[in-house]
Amino acid sequence: MEIIFLALTIFLLSFTLLFSWIYKTEKRDRKEAGIWRLVGTSVGICLILAIFITVIITFLFLVLVGSTKVLNSLFSLHISGRALFWLALCFFLYLFTLDHIFGVAVELLIGKNVLSLIFLTIVRMIAFYLIGIFFHFKHTENLIIAIGVTLFVCLFDVYDLLKERKEA
């Protein structure tokens with residue numbers, strides 16, 4: 001139920017933001033068009049884009065929730081599904097806000113190489129551990145989830161790094 005609420009929130013937020021932006025642009029570009037045609041075009045475009053954005057973000061979130069649930073099952077941690085959902089949501093928010101800022105800073109300082117990947121992995125592990133402390137998990141549970149999710153995210157970074165090297 002929480003995932004449906006999250007997806008609905010993402011959809012409404014993206015639709016609202018996209019509608020105001022697209023409506024202003026369409027209004028400026030089509031001065032002779034009628035108001036209903038302008039609103040209809042804007043709503044149609046916004047619906048398509050908002051659904052696309054919602055599906056992508058929800059999919060990425062479900063992958064993160066799935067990885068925490070797999071770790072919970074694999075290591076018999078006995079953490080509730082609701083706690084895992086909120087933990088994954090915090091991880092998701094961290095990955096798309098602060099982690100991106102750290103990633104850009106590290107890339108500017110040392111470039112995009114194995115050393116930056118190792119540094120970002122350590123920073124993520126510490127951040128995920130601190131998020132787990134916020135949820136009052138036991139030390140071992142917290143450490144297992146922090147390391148497991150960090151290694152899972154690290155796989156995507158390794159794939160991205162190898163893809164870039166292959167193209168160069």
# chains A, B, ... in the order shown; residues from 1 in each chain; ligands from 1
>>> residues_around(residues="Ser73 in chain A", least_positions_apart="6", cutoff="12 Å", atoms="only C-alpha atoms", output="JSON, numbers by chain")
{"A": [66, 67, 79, 80, 81, 84, 141, 144, 145]}
>>> write_last_selection(atoms="C-alpha atoms", output="PDB file, in the first residue's frame")
ATOM      1  CA  GLY A  66      13.986  -5.769  -3.111  1.00  0.00           C
ATOM      2  CA  SER A  67      17.675  -5.702  -2.292  1.00  0.00           C
ATOM      3  CA  ILE A  79      13.304  -6.829  10.264  1.00  0.00           C
ATOM      4  CA  SER A  80       9.695  -5.905   9.502  1.00  0.00           C
ATOM      5  CA  GLY A  81       8.637  -5.087   5.967  1.00  0.00           C
ATOM      6  CA  LEU A  84      12.607  -2.104   5.356  1.00  0.00           C
ATOM      7  CA  GLU A 141      21.774  -6.018  11.250  1.00  0.00           C
ATOM      8  CA  ILE A 144      24.887  -6.324   7.027  1.00  0.00           C
ATOM      9  CA  ILE A 145      22.292  -4.110   5.359  1.00  0.00           C
TER      10      ILE A 145
END
>>> residues_around(residues="Leu95 in chain A", least_positions_apart="6", cutoff="12 Å", atoms="only C-alpha atoms", output="PDB file with C-alpha atoms, in the first residue's frame")
ATOM      1  CA  LEU A  60      14.305   2.023  -9.101  1.00  0.00           C
ATOM      2  CA  PHE A  61      12.729   2.210  -5.660  1.00  0.00           C
ATOM      3  CA  LEU A  64      16.214  -0.957  -3.711  1.00  0.00           C
ATOM      4  CA  ALA A  88      14.875   1.800   1.497  1.00  0.00           C
ATOM      5  CA  LEU A  89      13.085   5.124   1.063  1.00  0.00           C
ATOM      6  CA  ILE A 101      26.663  15.795  -4.722  1.00  0.00           C
ATOM      7  CA  PHE A 102      29.476  13.673  -3.240  1.00  0.00           C
ATOM      8  CA  GLY A 103      29.883  11.876  -6.568  1.00  0.00           C
ATOM      9  CA  LEU A 120      32.276   6.651  -2.926  1.00  0.00           C
ATOM     10  CA  THR A 121      31.626   3.075  -1.799  1.00  0.00           C
ATOM     11  CA  VAL A 123      31.112   7.053   1.923  1.00  0.00           C
ATOM     12  CA  ARG A 124      27.899   5.214   0.965  1.00  0.00           C
ATOM     13  CA  MET A 125      28.595   2.472   3.478  1.00  0.00           C
ATOM     14  CA  ALA A 127      25.916   6.925   5.175  1.00  0.00           C
ATOM     15  CA  PHE A 128      23.803   3.761   5.029  1.00  0.00           C
ATOM     16  CA  ILE A 131      20.686   5.823   8.344  1.00  0.00           C
ATOM     17  CA  VAL A 149      23.088  -2.385  -0.249  1.00  0.00           C
ATOM     18  CA  THR A 150      26.371  -0.543  -0.775  1.00  0.00           C
ATOM     19  CA  VAL A 153      24.820   0.014  -5.682  1.00  0.00           C
ATOM     20  CA  CYS A 154      28.549  -0.417  -6.312  1.00  0.00           C
TER      21      CYS A 154
END
>>> residues_around(residues="range 21-26 of chain A", least_positions_apart="4", cutoff="10 Å", atoms="only C-alpha atoms", output="PyMOL selection string")
chain A and resi 15-17+30-31+33+38-43+45-46
>>> write_last_selection(atoms="N, CA and C atoms", output="short mmCIF file (atom, residue, chain, number, x, y, z; two decimals), in the first residue's frame")
data_model
loop_
_atom_site.label_atom_id
_atom_site.label_comp_id
_atom_site.auth_asym_id
_atom_site.auth_seq_id
_atom_site.Cartn_x
_atom_site.Cartn_y
_atom_site.Cartn_z
N PHE A 15 3.34 15.55 -12.32
CA PHE A 15 2.30 16.10 -13.21
C PHE A 15 2.11 17.59 -12.95
N THR A 16 2.04 17.96 -11.68
CA THR A 16 1.84 19.37 -11.33
C THR A 16 2.99 20.24 -11.81
N LEU A 17 4.21 19.79 -11.55
CA LEU A 17 5.37 20.58 -11.97
C LEU A 17 5.49 20.65 -13.49
N ARG A 30 2.14 29.35 -28.71
CA ARG A 30 0.90 29.36 -29.50
C ARG A 30 -0.04 30.44 -28.98
N LYS A 31 0.14 31.62 -29.44
CA LYS A 31 -0.70 32.73 -28.97
C LYS A 31 -2.08 32.70 -29.61
N ALA A 33 -3.84 29.93 -30.51
CA ALA A 33 -4.61 28.73 -30.18
C ALA A 33 -5.61 29.01 -29.08
N LEU A 38 -5.12 24.41 -25.83
CA LEU A 38 -3.86 24.60 -25.12
C LEU A 38 -3.80 23.74 -23.85
N VAL A 39 -4.90 23.75 -23.09
CA VAL A 39 -4.95 22.95 -21.86
C VAL A 39 -4.95 21.46 -22.20
N GLY A 40 -5.69 21.06 -23.23
CA GLY A 40 -5.73 19.66 -23.64
C GLY A 40 -4.38 19.13 -24.07
N THR A 41 -3.68 19.91 -24.85
CA THR A 41 -2.34 19.52 -25.29
C THR A 41 -1.39 19.41 -24.10
N SER A 42 -1.46 20.39 -23.21
CA SER A 42 -0.58 20.39 -22.04
C SER A 42 -0.88 19.21 -21.13
N VAL A 43 -2.15 18.90 -20.90
CA VAL A 43 -2.52 17.78 -20.04
C VAL A 43 -2.06 16.47 -20.66
N ILE A 45 0.43 15.87 -22.82
CA ILE A 45 1.89 15.76 -22.74
C ILE A 45 2.32 15.47 -21.30
N CYS A 46 1.70 16.17 -20.35
CA CYS A 46 2.06 15.98 -18.94
C CYS A 46 1.71 14.59 -18.45
#
>>> residues_around(residues="Thr54 in chain A", least_positions_apart="6", cutoff="8 Å", atoms="only C-alpha atoms", output="ChimeraX atom specification")
/A:7,10-11,14
>>> closest_residue(among="A:Ile48, A:Thr58, A:Leu71, A:Gly148", to="Phe5 in chain A", atoms="only C-alpha atoms")
A:Thr58
>>> closest_residue(among="A:Asp157, A:Phe152, A:Arg28, A:Leu6", to="Ile57 in chain A", atoms="only C-alpha atoms")
A:Leu6
>>> atom_distance(atom1="CA of Val55 in chain A", atom2="CA of Ile3 in chain A")
11.6 Å
>>> atom_distance(atom1="CA of Arg165 in chain A", atom2="CA of Phe96 in chain A")
24.0 Å
